[in-house]
Amino acid sequence: CFMNIKYPLAKETINDEDVNALCDWLKSYPRLTKGPVTLEFESKYSEWLGRKYSVFCNSGSSANLLMLSALQQGGYLTNSKVVVPSVAWSTDLAPVMQLGLEPILCDSNKRDLSADLNHLEDIFKEHQPSALMFVSVLGLVPEMEKIVNLCDKYNVILLEDTCESMGSKYRDRKLGTFGKMSSFSTFFGHHISTIEGGIVSTDDKDLYDILVSIRAHGWGRDLDIDKQIELQQDWDVSTFNSLYTFYYQGFNVRATDLQAYIGLTQIDKLDDWGVRREYNYLTYQELVKNSYWKPNKELNDFTSNFAYPVIHPNRDKIVEQLERASVEVRPMICGSMGTQPFYVKEYGRLELPNVTEIDRYGFYVPNNPHITDGEIVHISNIINKGIR
């Protein structure tokens, strides 16, 4: 079916120059598993984002798992309750369940598709949760000041899933710098690609140490030397035995130096690609004649849009016409998490008013740094025809 797609959601960000550089590097017979290049990539990404620490792992989904597990094992959670927006990805919700925590689904707003602030505050008042897994959807910019204030007011730890919003800014401040930790994806088709990959970023050194440890089995050998010595003294572990001493319940979700090497040059292009993504987004905004719903954009925000969202009662008709024209199109993320089979089997079906509408009428169409103005015009015309 991929051969029939003329207008894909994503186009390759790894070009010939990147591949040639990778080939030259491979000819030096470097270490390919996690090593010094991973550390270089993490440092460079932290500098670009404006956070102190970053941890490179094998996917954005694993990044979410690491964030929640670090909070749990670090003793940061006051109870087991974690709020997850119902418009999200499956692996925003699944790790909450996998770690034995209690998920509470929040309705989404129709301004930027993130958590509905009124419903969110009601949940905070009633349940007093420990954490919020907040999702910025498709690069759209939420009202971050209000989110932060709500979390501060009710003593809720803010985690940011920024996997679809790398480079988007709320009032000149990048998404992913507001929460205790933030996750990003470097999978093909996202803002940058390391083939597969994910990143957790934070300013908290204690959390960073836990993240580094649980990324690789729970051992201490990837930590800085001072932290290794501290743990060895705390647990009366010899230097030799410390090689196979595990301080946390860990995973193995490491990425490789090969992936990190690709990522180094991708970061250099990220700002330019973000500018192009916002230009494409604004072009769609102008061309698509959808009086039923359009995403909001404030003047001081920067929207590094992942894909352009559309919500309209004629969705099925529009999608059929787009697919006939070989345009790749998808439902609005996972639709409603409360109706996904893996949630329903555990907790029963949960319908929330805004999410139900978004699920029923929502979809998104291509945006990437290499899409042309002509392609956007063509896709917009198909959408407009379906709306009429």
# chains A, B, ... in the order shown; residues from 1 in each chain; ligands from 1

call {"tool": "closest_atom_pairs", "arguments": {"of": "region 312-379 of chain A", "to": "region 85-95 of chain A", "cutoff": "6 Å", "atoms": "only C-alpha atoms", "output": "CSV"}}
result
residue,atom,partner,partner_atom,distance
A:Cys334,CA,A:Trp89,CA,5.7
A:Gly335,CA,A:Val87,CA,5.9
A:Ser336,CA,A:Ser86,CA,5.4
A:Met337,CA,A:Ser86,CA,4.9

call {"tool": "closest_atom_pairs", "arguments": {"of": "region 76-181 of chain A", "to": "region 205-227 of chain A", "cutoff": "12 Å", "atoms": "only C-alpha atoms", "output": "Markdown table"}}
result
| residue | atom | partner | partner_atom | distance |
| --- | --- | --- | --- | --- |
| A:Tyr76 | CA | A:Leu207 | CA | 9.5 |
| A:Lys180 | CA | A:Leu207 | CA | 9.0 |
| A:Met181 | CA | A:Leu207 | CA | 8.6 |

call {"tool": "write_last_selection", "arguments": {"atoms": "N, CA, C and O atoms", "output": "compact mmCIF listing (two decimals), in the first residue's frame"}}
result
# COMPACT_ATOMS: atom_id res chain seq x y z
N TYR A 76 9.06 9.94 44.49
CA TYR A 76 8.46 11.24 44.22
C TYR A 76 6.94 11.22 44.28
O TYR A 76 6.30 12.25 44.43
N LYS A 180 8.71 18.49 35.21
CA LYS A 180 9.80 17.86 35.97
C LYS A 180 10.69 17.06 35.03
O LYS A 180 11.91 17.04 35.16
N MET A 181 10.07 16.40 34.08
CA MET A 181 10.76 15.70 33.01
C MET A 181 9.93 15.84 31.74
O MET A 181 8.74 16.13 31.80

call {"tool": "residues_around", "arguments": {"residues": "His191 (chain A)", "least_positions_apart": "5", "cutoff": "8 Å", "atoms": "only C-alpha atoms", "output": "ChimeraX atom specification"}}
result
/A:164-166,186,270,273-274,306

call {"tool": "write_last_selection", "arguments": {"atoms": "N, CA and C atoms", "output": "short mmCIF file (atom, residue, chain, number, x, y, z; two decimals), in the first residue's frame"}}
result
data_model
loop_
_atom_site.label_atom_id
_atom_site.label_comp_id
_atom_site.auth_asym_id
_atom_site.auth_seq_id
_atom_site.Cartn_x
_atom_site.Cartn_y
_atom_site.Cartn_z
N GLU A 164 5.48 14.86 19.84
CA GLU A 164 4.99 15.42 18.58
C GLU A 164 5.24 16.92 18.47
N SER A 165 5.98 17.49 19.41
CA SER A 165 6.04 18.95 19.50
C SER A 165 7.45 19.50 19.66
N MET A 166 8.44 18.76 19.21
CA MET A 166 9.81 19.20 19.34
C MET A 166 10.02 20.55 18.63
N THR A 186 12.44 10.33 18.46
CA THR A 186 13.28 10.53 17.28
C THR A 186 13.06 9.39 16.29
N LEU A 270 17.31 21.13 12.96
CA LEU A 270 16.01 21.12 13.64
C LEU A 270 15.32 22.47 13.62
N TRP A 273 13.93 23.19 10.14
CA TRP A 273 12.79 22.33 9.86
C TRP A 273 11.55 22.80 10.62
N GLY A 274 11.76 23.29 11.84
CA GLY A 274 10.64 23.81 12.62
C GLY A 274 10.00 25.02 11.95
N PHE A 306 3.44 18.89 13.77
CA PHE A 306 3.79 17.53 13.37
C PHE A 306 2.95 17.08 12.17
#

call {"tool": "select_by_dssp", "arguments": {"residues": "region 128-181 of chain A", "states": "helix (DSSP H, G or I)", "output": "ChimeraX atom specification"}}
result
/A:137-139,144-153

call {"tool": "residues_around", "arguments": {"residues": "Ser291 (chain A)", "least_positions_apart": "2", "cutoff": "12 Å", "atoms": "only C-alpha atoms", "output": "VMD selection string"}}
result
chain A and resid 285 to 289 293 to 295 310 to 313 384 387 to 388

call {"tool": "select_by_dssp", "arguments": {"residues": "region 164-236 of chain A", "states": "strand (DSSP E)", "output": "list in words"}}
result
Lys169, Tyr170, Arg173, Lys174, Met181, Ser182, Ser183, Phe184, Ser185, Gly198, Ile199, Val200, Ser201 and Thr202 of chain A

call {"tool": "closest_residue", "arguments": {"among": "A:Ala325, A:Val237, A:Met133, A:Leu282", "to": "Lys297 (chain A)", "atoms": "only C-alpha atoms"}}
result
A:Leu282

call {"tool": "closest_residue", "arguments": {"among": "A:Gln340, A:Asn300, A:Thr245, A:Gln266", "to": "Asp359 (chain A)", "atoms": "only C-alpha atoms"}}
result
A:Gln340

call {"tool": "residues_around", "arguments": {"residues": "Pro103 (chain A)", "least_positions_apart": "2", "cutoff": "12 Å", "atoms": "only C-alpha atoms", "output": "ChimeraX atom specification"}}
result
/A:68,79-86,92-101,105-106,123,127,129-133,337-338,343,346-347

call {"tool": "closest_residue", "arguments": {"among": "A:Gly250, A:Gly197, A:Pro36, A:Pro309", "to": "Arg111 (chain A)", "atoms": "only C-alpha atoms"}}
result
A:Pro309

call {"tool": "residues_around", "arguments": {"residues": "Asp18 (chain A)", "least_positions_apart": "2", "cutoff": "10 Å", "atoms": "only C-alpha atoms", "output": "ChimeraX atom specification"}}
result
/A:13-16,20-23,261-266

call {"tool": "atom_distance", "arguments": {"atom1": "CA of Ser304 (chain A)", "atom2": "CA of Glu278 (chain A)"}}
result
5.1 Å

call {"tool": "decode", "arguments": {"residues": "region 302-314 of chain A", "atoms": "N, CA, C and O atoms", "output": "mmCIF file, in the first residue's frame"}}
result
data_model
loop_
_atom_site.group_PDB
_atom_site.id
_atom_site.type_symbol
_atom_site.label_atom_id
_atom_site.label_comp_id
_atom_site.auth_asym_id
_atom_site.auth_seq_id
_atom_site.Cartn_x
_atom_site.Cartn_y
_atom_site.Cartn_z
ATOM 1 N N PHE A 302 5.037 29.543 18.849
ATOM 2 C CA PHE A 302 5.654 28.983 17.647
ATOM 3 C C PHE A 302 5.198 27.542 17.520
ATOM 4 O O PHE A 302 5.393 26.743 18.436
ATOM 5 N N THR A 303 4.599 27.193 16.387
ATOM 6 C CA THR A 303 3.984 25.887 16.203
ATOM 7 C C THR A 303 4.803 25.044 15.237
ATOM 8 O O THR A 303 4.682 25.172 14.016
ATOM 9 N N SER A 304 5.662 24.198 15.796
ATOM 10 C CA SER A 304 6.414 23.245 14.979
ATOM 11 C C SER A 304 5.509 22.033 14.739
ATOM 12 O O SER A 304 5.665 20.977 15.341
ATOM 13 N N ASN A 305 4.586 22.219 13.840
ATOM 14 C CA ASN A 305 3.453 21.303 13.663
ATOM 15 C C ASN A 305 3.901 19.955 13.109
ATOM 16 O O ASN A 305 4.611 19.877 12.109
ATOM 17 N N PHE A 306 3.440 18.895 13.772
ATOM 18 C CA PHE A 306 3.786 17.532 13.365
ATOM 19 C C PHE A 306 2.951 17.076 12.172
ATOM 20 O O PHE A 306 3.452 16.443 11.242
ATOM 21 N N ALA A 307 1.655 17.366 12.212
ATOM 22 C CA ALA A 307 0.730 17.059 11.118
ATOM 23 C C ALA A 307 -0.476 17.972 11.301
ATOM 24 O O ALA A 307 -0.776 18.390 12.422
ATOM 25 N N TYR A 308 -1.175 18.279 10.205
ATOM 26 C CA TYR A 308 -2.259 19.258 10.299
ATOM 27 C C TYR A 308 -3.571 18.568 10.672
ATOM 28 O O TYR A 308 -4.031 17.653 9.975
ATOM 29 N N PRO A 309 -4.207 19.003 11.777
ATOM 30 C CA PRO A 309 -5.445 18.362 12.234
ATOM 31 C C PRO A 309 -6.696 18.971 11.617
ATOM 32 O O PRO A 309 -6.769 20.178 11.370
ATOM 33 N N VAL A 310 -7.660 18.121 11.396
ATOM 34 C CA VAL A 310 -8.969 18.551 10.897
ATOM 35 C C VAL A 310 -10.042 17.836 11.720
ATOM 36 O O VAL A 310 -9.930 16.632 11.975
ATOM 37 N N ILE A 311 -11.060 18.567 12.143
ATOM 38 C CA ILE A 311 -12.223 17.980 12.803
ATOM 39 C C ILE A 311 -13.463 18.449 12.048
ATOM 40 O O ILE A 311 -13.691 19.654 11.917
ATOM 41 N N HIS A 312 -14.227 17.496 11.530
ATOM 42 C CA HIS A 312 -15.425 17.865 10.763
ATOM 43 C C HIS A 312 -16.372 16.661 10.705
ATOM 44 O O HIS A 312 -15.925 15.511 10.577
ATOM 45 N N PRO A 313 -17.685 16.901 10.783
ATOM 46 C CA PRO A 313 -18.658 15.795 10.711
ATOM 47 C C PRO A 313 -18.581 14.978 9.423
ATOM 48 O O PRO A 313 -19.020 13.830 9.399
ATOM 49 N N ASN A 314 -18.043 15.569 8.351
ATOM 50 C CA ASN A 314 -17.901 14.835 7.085
ATOM 51 C C ASN A 314 -16.607 14.029 7.028
ATOM 52 O O ASN A 314 -16.122 13.712 5.942
#
